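Undergrad: Can you keep this structure in mind? I'll have questions shortly.
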Amino acid sequence: MKLAIAGFHIESVSFLPNTSRYADFEEGALRGVGILKGLGGTNTVLGGFLEICEERGAMPVPLVYAYLGAMGRVADDVIERYTDEICQGLAEIDDLDGVLLHLHGAAWAPGYEDPERYMIDAVRRTVGDQVRVMVGFDYHGNLDADSIRAADAVFAYQKSPHTDMGDTGRRTADCMVRTLKGEIQPRCVLVKPGVLTPSIFSATELHPLAELLAEARRLEQASDTYLDISVMAGFSYADAINTGFSVIAVTDDNADRAEDIANALAERIWRQRRELYRPEPIYALDEAVERAMTLAPRVDKPIVLLEHADRMSDSTYLLDALIKRGARRTAVPFLWDPQAAEAAAAAGVGATVTLTLGAHSSRKAGPRLTVECEVLQAEPKSYHVSGAMLQGSYVNLGLSALLRIGDIMVSVISRFAFGVDEDAFTVFGQNPRDYDLIVLRSKTHFRQVYQELAEEILIVDTPDYGPADLLTLPYERLDTRCVYPFVEQNVPMEAR
């Protein structure tokens with residue numbers, strides 16, 4: 001079996017003014033043997049692809065993998081150039097049996113209604129009808145039936161935090177191998193329930209989402225034939241025609257059963273839409289800071305203040321409030337600000353310098369802060385992920401600095417990253433347990449570490465581009481007349 005492997009990944013906040021360009025992807029793009037060396041043995045989708053290829057005796061033919069995390073929209077030519085590169089590579093492979101793709105599902109480009117559909121359709125046109133095409137998606141992808149019409153089967157992460165990225169790659173590649181060996185004939189059905197949820201509440205351990213996903217796993221385990229179920233929460237900050245939850249069922253040659261299962265779970269999502277939309281309390285800025293500073297002296301573990309609406313890791317609302325309140329034993333890791341990192345490095349370690357910090361990505365990122373700080377570290381930083389999500393993957397933070405503002409420690413980075421595990425501290429020689437207050441900007445992935453590490457997590461709704469109140473977002477492509485929370489009535493399934 002000869003299997004081509006490729007991928008393109010970005011989670012686009014379409015409301016952000018930022019645009020990701022081809023050069024941004026190229027900084028970390030992998031090709032050919034670089035994919036084998038860089039992703040083999042990692043907890044990533046392509047790592048899972050490669051593992052199954054090795055176990056089952058398949059020959060992987062790695063083409064290109066372009067990865068960015070949660071950023072803004074994508075320039076049209078980025079979609080075109082990587083699609084062309086993948087298709088040109090496929091056209092040059094003799095005796096190709098299958099194509100394994102990793103796509104996010106929430107890419108957003110001005111000229112493309114559904115970038116992932118465009119890429120999958122192009123791959124299908126290139127390889128023809130006899131070559132199998134299967135895709136592993138992110139749990140936060142926005143898909144509909146047209147998105148995946150040219151694929152034989154698709155799969156998505158079943159967990160958020162995404163600790164099962166490698167497993168998703170293995171599920172996808174396992175289906176491919178079993179199909180090529182004639183053991184199964186996959187039938188794939190996607191149903192949309194017509195429900196949106198804020199990313200902060202898409203964590204799969206929250207209730208009632210946890211019970212819904214447990215039911216999906218129960219159905220899989222109880223099945224006496226092949227069954228794989230993906231419940232995707234979607235990504236509400238990409239204004240797409242198909243934004244929102246999706247349910248995908250893959251069966252062995254039984255499309256009716258796949259449709260019944262997907263419909264049943266989609267109806268359950270609709271019935272529980274209100275609880276899914278707001279399962280935990282949200283705090284206003286001043287309320288959260290007051291509670292955190294009051295509680296911190298009474299407990300032994302840190303209090304996490306989660307600036308969840310931040311989309312570019314440079315919001316300053318909490319940092320500004322904590323400086324004004326004279327917060328002590330406080331850490332603000334991974335503030336994205338290349339200019340501040342450069343200025344700190346120019347001043348030198350040990351210097352006391354006045355810097356302008358944060359809020360450079362957009363007008364909604366908070367106030368630009370002018371602070372006097374001591375430079376404790378200033379040098380390029382990188383690491384391999386120790387946490388379960390993306391474990392083993394290489395992260396390059398670029399020129400970075402550790403700053404002390406009063407009793408607040410701020411780490412400033414030049415390459416965009418969210419602090420979701422202890423690496424955000426250990427790369428600077430720190431321990432998160434040494435702090436009373438920690439400011440994070442993640443949505444769900446922080447929970448893999450901080451759910452246990454923290455005494456309490458306070459979700460703070462600052463006025464950035466990822467709000468908990470989706471009614472405030474100016475959707476244009478999404479037809480809000482038939483999705484919750486914009487409509488309350490029970491819209492017929494075919495309209496959703």
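In the structure tokens, chains take letters A, B, ... by order of appearance, with residues numbered from 1 within each chain and ligands from 1 in the order shown.
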Can you pull out every residue from range 294-348 of chain A that DSSP, working from the backbone, puts in alpha helix (DSSP H), and format the result as number ranges by chain?

TA: A: 294-295, 317-324, 338-347

Undergrad: Residues at most 10 Å from Met232 in chain A, counting only C-alpha atoms, excluding those fewer than 3 positions away in the same chain, as a list in words?

TA: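 The contact residues come out as Gly105, Phe137, Asp138, Tyr139, His140, Gly141, Asn142, Leu143, Phe155, Ala156, Tyr157, Gln158, Lys159, Lys192, Ser202, Ile229, Phe235, Gly244, Phe245, Ser246, Val247 and Ile248 of chain A.
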
Undergrad: Please produce a file of those selected residues containing N, CA and C atoms, as a PDB file, in the first residue's frame.

TA:
ATOM      1  N   GLY A 105     -10.306  22.401   9.348  1.00  0.00           N
ATOM      2  CA  GLY A 105     -11.745  22.495   9.192  1.00  0.00           C
ATOM      3  C   GLY A 105     -12.283  23.883   9.442  1.00  0.00           C
ATOM      4  N   PHE A 137      -9.646  15.578  10.954  1.00  0.00           N
ATOM      5  CA  PHE A 137      -9.967  16.980  11.214  1.00  0.00           C
ATOM      6  C   PHE A 137      -9.786  17.330  12.689  1.00  0.00           C
ATOM      7  N   ASP A 138      -9.699  18.621  12.936  1.00  0.00           N
ATOM      8  CA  ASP A 138      -9.734  19.166  14.291  1.00  0.00           C
ATOM      9  C   ASP A 138     -11.172  19.128  14.811  1.00  0.00           C
ATOM     10  N   TYR A 139     -11.316  18.922  16.101  1.00  0.00           N
ATOM     11  CA  TYR A 139     -12.623  18.940  16.775  1.00  0.00           C
ATOM     12  C   TYR A 139     -13.341  20.274  16.602  1.00  0.00           C
ATOM     13  N   HIS A 140     -12.574  21.341  16.381  1.00  0.00           N
ATOM     14  CA  HIS A 140     -13.151  22.671  16.224  1.00  0.00           C
ATOM     15  C   HIS A 140     -13.346  23.062  14.765  1.00  0.00           C
ATOM     16  N   GLY A 141     -13.376  22.100  13.869  1.00  0.00           N
ATOM     17  CA  GLY A 141     -13.620  22.404  12.471  1.00  0.00           C
ATOM     18  C   GLY A 141     -15.083  22.697  12.196  1.00  0.00           C
ATOM     19  N   ASN A 142     -15.327  23.553  11.204  1.00  0.00           N
ATOM     20  CA  ASN A 142     -16.679  23.839  10.719  1.00  0.00           C
ATOM     21  C   ASN A 142     -16.879  23.082   9.406  1.00  0.00           C
ATOM     22  N   LEU A 143     -17.731  22.075   9.427  1.00  0.00           N
ATOM     23  CA  LEU A 143     -17.948  21.235   8.255  1.00  0.00           C
ATOM     24  C   LEU A 143     -19.433  21.066   7.982  1.00  0.00           C
ATOM     25  N   PHE A 155     -12.657  11.870   9.952  1.00  0.00           N
ATOM     26  CA  PHE A 155     -12.596  11.642  11.388  1.00  0.00           C
ATOM     27  C   PHE A 155     -12.153  12.939  12.062  1.00  0.00           C
ATOM     28  N   ALA A 156     -12.471  13.089  13.338  1.00  0.00           N
ATOM     29  CA  ALA A 156     -12.064  14.289  14.064  1.00  0.00           C
ATOM     30  C   ALA A 156     -11.653  13.913  15.478  1.00  0.00           C
ATOM     31  N   TYR A 157     -10.881  14.808  16.099  1.00  0.00           N
ATOM     32  CA  TYR A 157     -10.522  14.594  17.495  1.00  0.00           C
ATOM     33  C   TYR A 157     -11.796  14.357  18.303  1.00  0.00           C
ATOM     34  N   GLN A 158     -11.691  13.507  19.288  1.00  0.00           N
ATOM     35  CA  GLN A 158     -12.817  13.225  20.182  1.00  0.00           C
ATOM     36  C   GLN A 158     -12.646  13.890  21.536  1.00  0.00           C
ATOM     37  N   LYS A 159     -11.550  14.622  21.712  1.00  0.00           N
ATOM     38  CA  LYS A 159     -11.275  15.246  22.999  1.00  0.00           C
ATOM     39  C   LYS A 159     -10.808  16.687  22.818  1.00  0.00           C
ATOM     40  N   LYS A 192     -25.721  18.280  10.777  1.00  0.00           N
ATOM     41  CA  LYS A 192     -25.521  19.494  11.570  1.00  0.00           C
ATOM     42  C   LYS A 192     -26.753  19.771  12.420  1.00  0.00           C
ATOM     43  N   SER A 202     -16.307  24.471  24.909  1.00  0.00           N
ATOM     44  CA  SER A 202     -16.228  23.278  24.067  1.00  0.00           C
ATOM     45  C   SER A 202     -15.346  22.196  24.670  1.00  0.00           C
ATOM     46  N   ILE A 229     -17.465   7.516  15.530  1.00  0.00           N
ATOM     47  CA  ILE A 229     -18.305   8.702  15.670  1.00  0.00           C
ATOM     48  C   ILE A 229     -17.435   9.900  16.065  1.00  0.00           C
ATOM     49  N   PHE A 235     -16.123  25.944  15.275  1.00  0.00           N
ATOM     50  CA  PHE A 235     -15.353  27.111  15.710  1.00  0.00           C
ATOM     51  C   PHE A 235     -16.166  28.359  15.419  1.00  0.00           C
ATOM     52  N   GLY A 244     -20.385  25.834  13.362  1.00  0.00           N
ATOM     53  CA  GLY A 244     -21.177  25.182  14.404  1.00  0.00           C
ATOM     54  C   GLY A 244     -20.939  23.692  14.506  1.00  0.00           C
ATOM     55  N   PHE A 245     -21.660  23.073  15.428  1.00  0.00           N
ATOM     56  CA  PHE A 245     -21.542  21.636  15.700  1.00  0.00           C
ATOM     57  C   PHE A 245     -21.789  20.803  14.441  1.00  0.00           C
ATOM     58  N   SER A 246     -21.103  19.665  14.374  1.00  0.00           N
ATOM     59  CA  SER A 246     -21.364  18.627  13.377  1.00  0.00           C
ATOM     60  C   SER A 246     -21.254  17.274  14.056  1.00  0.00           C
ATOM     61  N   VAL A 247     -21.984  16.304  13.549  1.00  0.00           N
ATOM     62  CA  VAL A 247     -21.855  14.921  14.002  1.00  0.00           C
ATOM     63  C   VAL A 247     -21.554  14.061  12.783  1.00  0.00           C
ATOM     64  N   ILE A 248     -20.481  13.284  12.872  1.00  0.00           N
ATOM     65  CA  ILE A 248     -20.061  12.418  11.771  1.00  0.00           C
ATOM     66  C   ILE A 248     -20.085  10.972  12.243  1.00  0.00           C
TER      67      ILE A 248
END

Undergrad: Restricting the calculation to only C-alpha atoms, which member of A:Tyr283, A:Tyr277, A:Phe428, A:Trp108 is positioned closest to Glu379 in chain A?

TA: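 Closest candidate: A:Phe428.
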
Undergrad: May I ask which of the residues A:Gly348, A:Gly48, A:Gly366, A:Gly38 is the closest one to Asp320 in chain A, counting only C-alpha atoms?

TA: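 Closest to Asp320 in chain A of all the choices is A:Gly366.
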
Undergrad: Using only C-alpha atoms, find the one residue out of A:Leu399, A:Glu205, A:Leu63, A:Ala75 that sits nearest to Glu92 in chain A.

TA: A:Leu63

Undergrad: Would you list the contacts of Gly358 in chain A as a VMD selection string, taking every protein, DNA or RNA residue within 6 Å and counting only C-alpha atoms, but skipping same-chain residues closer than 6 positions in sequence?

TA: chain A and resid 314 337 368

Undergrad: Find the residues near Leu402 in chain A: any atom within 9 Å, counting only C-alpha atoms, skip ones fewer than 4 places away on the same chain, and give them as a PyMOL selection string.

TA: chain A and resi 333+341+344+374-378+409-413+428

Undergrad: Considering only C-alpha atoms, return as an MDAnalysis selection string whatever protein or nucleic-acid residues lie within 12 Å of Ala388 in chain A, sequence-local ones (same chain, fewer than 4 positions apart) excluded.

TA: chainID A and resid 42:44 159:167 384 392:393 420:423 445:449

Undergrad: Can you check which residues of range 37-211 of chain A DSSP gives as strand (DSSP E) on the backbone and send them as number ranges by chain?

TA: A: 59-71, 73-74, 98-103, 132-137, 153-156, 186-191

Undergrad: Restricting the calculation to only C-alpha atoms, which member of A:Ala401, A:Ile120, A:Val332, A:Leu50 is positioned closest to Ala351 in chain A?

TA: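 Of the candidates, the smallest distance to Ala351 in chain A is held by A:Ala401.
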
Undergrad: Counting only C-alpha atoms, which of A:Asp407, A:Asp464, A:Glu455, A:Asp114 gets nearest to Ser362 in chain A?

TA: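 Distance minimum relative to Ser362 in chain A lands on A:Asp464.
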
Undergrad: Please indicate the distance in Å from CA of Pro432 in chain A to CA of Ser315 in chain A, rounded to one decimal place.

TA: 20.3 Å

Undergrad: Using only C-alpha atoms, find the one residue out of A:Gln272, A:Gln130, A:Asn18, A:Thr356 that sits nearest to Gly194 in chain A.

TA: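 Distance minimum relative to Gly194 in chain A lands on A:Gln272.
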
Undergrad: Between CA of Arg187 in chain A and CA of Asn263 in chain A, what is the spacing in Å?

TA: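 Between CA of Asn263 in chain A and CA of Arg187 in chain A the gap works out to 14.9 Å.
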
Undergrad: For Arg433 in chain A, work out the shell of residues within 8 Å, counting only C-alpha atoms and skipping chain neighbours fewer than 6 positions away, then give it as number ranges by chain.

TA: A: 301-302, 453

Undergrad: Excluding same-chain residues fewer than 4 positions from His308 in chain A, what lies within 8 Å of it counting only C-alpha atoms, as a ChimeraX atom specification?

TA: /A:200,440-443,459-462,466-467
